[in-house]
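These notes are about the structure you will find just below.
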Amino acid sequence: PLTIRGSGQVVDGGMPEGGGFPIIHFTEGASLDISNLEFAGNGGYSIEAQGGSKGIYVQIPDDREGIVSVKLTNVTVRDTGYNGVHITDCQGVDQDEIDDCGAGAGAGDEGGSDASIQLQMTGVLIDGAGFGRQDGDGVRVDDRGPGHIGLAMTNSIIQFVGGDGMELDEGGIGDVVINVRNSLFDNNGNYCDATLDWETLDPACNDDGDPDVDDAFDIDEAGLGKIVGLVANVDLIENFDEGLDFDTQ
């Protein structure tokens, strides 16, 4: 397990020409505990100015078992071009294949570990992520093996994200269990800006002839599991598609 305790410092992930690397990248699936830090990308991204990468990126290898715990306390992630926080056990030959696996595609042949993923967010701010490319979420968790996804979120804000504010994508046989309280999802989902020539700027925005805007909080349960839990004292304001979009297949 890895613990990183800050005292309010900013980890500057800005790079020339927008960069292509996560601000901080964990590759071996260790449990992670980060507190009192801010992770900042370049910002200024849009469908007309694409680029950038992820903020906090946790990759889980296919031989991982047990529980991978990611705990974020008083953490800010802002202005990243792609996902603000991404936790995944998707496997692939390259990064594009891994990212496509977790893009709301549900169950497939992308591999996955036996581990469950537990995300705890307390006093977290995700702000301005996901405007550097289509389907850049504020927080994304992907599980493709038999494990579960668990989310405990309180006193947190996800706002002005290009893709979904929060996406939990369970493509295996596990459940999605959530406890979300006293939080805000505000103005998420507008990377595919309908006021612009979005079909020319990014063909990936085409959703049967309409711009593919996204949700505040999206859960995709594509395996044999179920979605259970609680959402209480949560404000969902001016998000561009559904506020809560919870689907089973």
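Residue numbering restarts at 1 in every chain; chains get A, B, ... in the order shown in the structure tokens, and ligands count up from 1 in that same order.
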| field | Non-local contacts of Gly189 of chain A (8 Å; only C-alpha atoms; under 4 positions in same chain excluded) as a PyMOL selection string | value | chain A and resi 160-165+213-216+239-241
Write the residues of the selection above to a file with N, CA and C atoms, as a short mmCIF file (atom, residue, chain, number, x, y, z; two decimals), in the first residue's frame.
data_model
loop_
_atom_site.label_atom_id
_atom_site.label_comp_id
_atom_site.auth_asym_id
_atom_site.auth_seq_id
_atom_site.Cartn_x
_atom_site.Cartn_y
_atom_site.Cartn_z
N PHE A 160 -18.11 20.96 -14.02
CA PHE A 160 -17.53 21.45 -15.26
C PHE A 160 -16.58 20.42 -15.88
N VAL A 161 -17.07 19.17 -15.97
CA VAL A 161 -16.33 18.07 -16.59
C VAL A 161 -16.88 17.85 -17.99
N GLY A 162 -16.00 17.55 -18.96
CA GLY A 162 -16.44 17.37 -20.33
C GLY A 162 -17.29 16.14 -20.55
N GLY A 163 -16.92 15.01 -19.93
CA GLY A 163 -17.69 13.78 -20.03
C GLY A 163 -18.60 13.61 -18.83
N ASP A 164 -18.82 12.35 -18.43
CA ASP A 164 -19.59 12.11 -17.22
C ASP A 164 -18.86 12.65 -16.00
N GLY A 165 -19.61 13.20 -15.07
CA GLY A 165 -18.96 13.60 -13.83
C GLY A 165 -18.34 12.40 -13.13
N VAL A 213 -23.70 14.32 -25.51
CA VAL A 213 -23.45 14.92 -24.20
C VAL A 213 -23.56 13.84 -23.13
N ASP A 214 -23.04 14.13 -21.93
CA ASP A 214 -22.89 13.10 -20.90
C ASP A 214 -23.60 13.46 -19.60
N ASP A 215 -23.51 12.50 -18.64
CA ASP A 215 -24.31 12.53 -17.42
C ASP A 215 -23.54 13.11 -16.24
N ALA A 216 -24.30 13.41 -15.20
CA ALA A 216 -23.67 13.73 -13.92
C ALA A 216 -23.04 12.49 -13.31
N ASN A 239 -26.53 19.53 -15.52
CA ASN A 239 -25.74 18.57 -16.27
C ASN A 239 -26.41 18.36 -17.63
N PHE A 240 -25.62 17.99 -18.66
CA PHE A 240 -26.12 18.09 -20.02
C PHE A 240 -26.89 16.87 -20.50
N ASP A 241 -26.75 15.72 -19.83
CA ASP A 241 -27.62 14.58 -20.10
C ASP A 241 -28.28 14.19 -18.78
#
| task | Using DSSP on the backbone, list every residue of segment 43-234 of chain A that comes out as alpha helix (DSSP H), and give them as a VMD selection string. | result | chain A and resid 95 to 101 198 to 201
| message | as a PyMOL selection string, please: the residues near segment 167-183 of chain A (cut-off 7 Å, only C-alpha atoms, same-chain neighbours under 5 positions excluded). | response | chain A and resi 102+104+106-107+137+139-157+217-235
| said: Counting only C-alpha atoms, which residue out of A:Gly111, A:Gly51, A:Gly130, A:Gly44 sits closest to Tyr82 of chain A? | reply: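 Of A:Gly111, A:Gly51, A:Gly130, A:Gly44, the one nearest Tyr82 of chain A is A:Gly130, counting only C-alpha atoms.
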| task | Any chance you could list, as a PyMOL selection string, the residues in segment 86-178 of chain A that come up strand (DSSP E or B) when DSSP is run on the backbone? | result | chain A and resi 86-88+116-122+125-127+139-143+149-154+157-159+166-170+176-178
| Leaving out Asp99 of chain A and any residue of its chain fewer than 6 positions from it, which residues lie within 12 Å of it when counting only C-alpha atoms, given as a PyMOL selection string? | chain A and resi 53-54+57+59+82-83+86-93+105+110+133-137+140-142+169
Keeping only N, CA and C atoms, take the residues you just selected and write them out as a PDB file, in the first residue's frame.
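Output saved as selection.pdb:
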ATOM      1  N   SER A  53      -4.012  14.857 -20.662  1.00  0.00           N
ATOM      2  CA  SER A  53      -4.099  13.467 -20.253  1.00  0.00           C
ATOM      3  C   SER A  53      -4.855  13.371 -18.946  1.00  0.00           C
ATOM      4  N   LYS A  54      -4.562  12.335 -18.156  1.00  0.00           N
ATOM      5  CA  LYS A  54      -5.299  12.049 -16.934  1.00  0.00           C
ATOM      6  C   LYS A  54      -4.638  12.700 -15.722  1.00  0.00           C
ATOM      7  N   TYR A  57      -4.109   8.215 -12.087  1.00  0.00           N
ATOM      8  CA  TYR A  57      -4.372   7.038 -12.912  1.00  0.00           C
ATOM      9  C   TYR A  57      -3.851   5.795 -12.193  1.00  0.00           C
ATOM     10  N   GLN A  59      -3.705   1.714 -12.497  1.00  0.00           N
ATOM     11  CA  GLN A  59      -3.886   0.514 -13.304  1.00  0.00           C
ATOM     12  C   GLN A  59      -3.739  -0.727 -12.426  1.00  0.00           C
ATOM     13  N   TYR A  82      -8.042  14.745 -19.983  1.00  0.00           N
ATOM     14  CA  TYR A  82      -8.815  13.512 -20.018  1.00  0.00           C
ATOM     15  C   TYR A  82      -9.355  13.257 -18.610  1.00  0.00           C
ATOM     16  N   ASN A  83      -9.503  12.000 -18.174  1.00  0.00           N
ATOM     17  CA  ASN A  83     -10.127  11.711 -16.888  1.00  0.00           C
ATOM     18  C   ASN A  83      -9.397  12.387 -15.729  1.00  0.00           C
ATOM     19  N   HIS A  86      -8.857   7.965 -12.801  1.00  0.00           N
ATOM     20  CA  HIS A  86      -9.188   6.752 -13.555  1.00  0.00           C
ATOM     21  C   HIS A  86      -8.583   5.550 -12.846  1.00  0.00           C
ATOM     22  N   ILE A  87      -9.452   4.603 -12.464  1.00  0.00           N
ATOM     23  CA  ILE A  87      -9.033   3.348 -11.830  1.00  0.00           C
ATOM     24  C   ILE A  87      -9.558   2.223 -12.701  1.00  0.00           C
ATOM     25  N   THR A  88      -8.679   1.333 -13.171  1.00  0.00           N
ATOM     26  CA  THR A  88      -9.120   0.332 -14.128  1.00  0.00           C
ATOM     27  C   THR A  88      -8.351  -0.963 -13.999  1.00  0.00           C
ATOM     28  N   ASP A  89      -9.060  -2.090 -14.219  1.00  0.00           N
ATOM     29  CA  ASP A  89      -8.363  -3.368 -14.394  1.00  0.00           C
ATOM     30  C   ASP A  89      -8.526  -3.877 -15.820  1.00  0.00           C
ATOM     31  N   CYS A  90      -8.967  -3.002 -16.743  1.00  0.00           N
ATOM     32  CA  CYS A  90      -8.995  -3.363 -18.157  1.00  0.00           C
ATOM     33  C   CYS A  90      -7.580  -3.683 -18.637  1.00  0.00           C
ATOM     34  N   GLN A  91      -7.478  -4.657 -19.509  1.00  0.00           N
ATOM     35  CA  GLN A  91      -6.193  -5.045 -20.075  1.00  0.00           C
ATOM     36  C   GLN A  91      -6.224  -4.751 -21.570  1.00  0.00           C
ATOM     37  N   GLY A  92      -5.047  -4.496 -22.141  1.00  0.00           N
ATOM     38  CA  GLY A  92      -4.995  -4.209 -23.566  1.00  0.00           C
ATOM     39  C   GLY A  92      -3.567  -4.144 -24.049  1.00  0.00           C
ATOM     40  N   VAL A  93      -3.411  -4.159 -25.353  1.00  0.00           N
ATOM     41  CA  VAL A  93      -2.067  -4.124 -25.931  1.00  0.00           C
ATOM     42  C   VAL A  93      -1.490  -2.716 -25.922  1.00  0.00           C
ATOM     43  N   ALA A 105     -18.562   0.604 -22.400  1.00  0.00           N
ATOM     44  CA  ALA A 105     -18.849  -0.460 -23.361  1.00  0.00           C
ATOM     45  C   ALA A 105     -19.435  -1.705 -22.709  1.00  0.00           C
ATOM     46  N   GLU A 110     -12.015  -7.974 -22.670  1.00  0.00           N
ATOM     47  CA  GLU A 110     -10.838  -7.154 -22.411  1.00  0.00           C
ATOM     48  C   GLU A 110     -10.031  -7.646 -21.212  1.00  0.00           C
ATOM     49  N   ARG A 133     -10.623  15.590 -24.852  1.00  0.00           N
ATOM     50  CA  ARG A 133     -11.030  14.567 -25.809  1.00  0.00           C
ATOM     51  C   ARG A 133     -12.409  14.059 -25.419  1.00  0.00           C
ATOM     52  N   GLN A 134     -13.071  13.391 -26.352  1.00  0.00           N
ATOM     53  CA  GLN A 134     -14.411  12.881 -26.092  1.00  0.00           C
ATOM     54  C   GLN A 134     -14.368  11.781 -25.024  1.00  0.00           C
ATOM     55  N   ASP A 135     -15.414  11.747 -24.169  1.00  0.00           N
ATOM     56  CA  ASP A 135     -15.590  10.746 -23.122  1.00  0.00           C
ATOM     57  C   ASP A 135     -14.519  10.852 -22.038  1.00  0.00           C
ATOM     58  N   GLY A 136     -14.116  12.050 -21.729  1.00  0.00           N
ATOM     59  CA  GLY A 136     -13.216  12.266 -20.601  1.00  0.00           C
ATOM     60  C   GLY A 136     -14.014  12.551 -19.342  1.00  0.00           C
ATOM     61  N   ASP A 137     -14.030  11.596 -18.419  1.00  0.00           N
ATOM     62  CA  ASP A 137     -14.871  11.695 -17.230  1.00  0.00           C
ATOM     63  C   ASP A 137     -14.124  12.331 -16.056  1.00  0.00           C
ATOM     64  N   ARG A 140     -13.611   7.910 -13.266  1.00  0.00           N
ATOM     65  CA  ARG A 140     -14.023   6.678 -13.948  1.00  0.00           C
ATOM     66  C   ARG A 140     -13.406   5.475 -13.238  1.00  0.00           C
ATOM     67  N   VAL A 141     -14.247   4.478 -12.971  1.00  0.00           N
ATOM     68  CA  VAL A 141     -13.790   3.213 -12.401  1.00  0.00           C
ATOM     69  C   VAL A 141     -14.269   2.096 -13.309  1.00  0.00           C
ATOM     70  N   ASP A 142     -13.336   1.254 -13.786  1.00  0.00           N
ATOM     71  CA  ASP A 142     -13.654   0.140 -14.676  1.00  0.00           C
ATOM     72  C   ASP A 142     -13.265  -1.170 -14.015  1.00  0.00           C
ATOM     73  N   ASP A 169     -18.128   1.576 -14.311  1.00  0.00           N
ATOM     74  CA  ASP A 169     -18.371   0.683 -15.442  1.00  0.00           C
ATOM     75  C   ASP A 169     -18.007  -0.741 -15.023  1.00  0.00           C
TER      76      ASP A 169
END
| task | Identify which of the residues A:Asn206, A:Gln120, A:Ser7, A:Asn42 lies closest to Arg78 of chain A, counting only C-alpha atoms when measuring atom-to-atom distances. | result |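 Checking each candidate against Arg78 of chain A, we get A:Asn42 as the closest.
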| What lies within 6 Å of Gly132 of chain A using only C-alpha atoms, ignoring chain neighbours under 5 positions off, as a PyMOL selection string? | chain A and resi 45-46+50-52+81-82
| message | Please report the interatomic distance between atom CA of Arg64 of chain A and atom CA of Gly29 of chain A in Å with one decimal. | response |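 Rounded to one decimal, the two atoms are 7.0 Å apart.
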| query | What gap, in Å, lies between atom CA of Thr73 of chain A and atom CA of Leu37 of chain A? | reply |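 Separation of atom CA of Thr73 of chain A and atom CA of Leu37 of chain A: 8.6 Å.
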| request: Using atom CA of Gly138 of chain A and atom CA of Ala204 of chain A as the two end points, give the distance in Å to one decimal. | output: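 Going from atom CA of Gly138 of chain A over to atom CA of Ala204 of chain A covers 18.5 Å.
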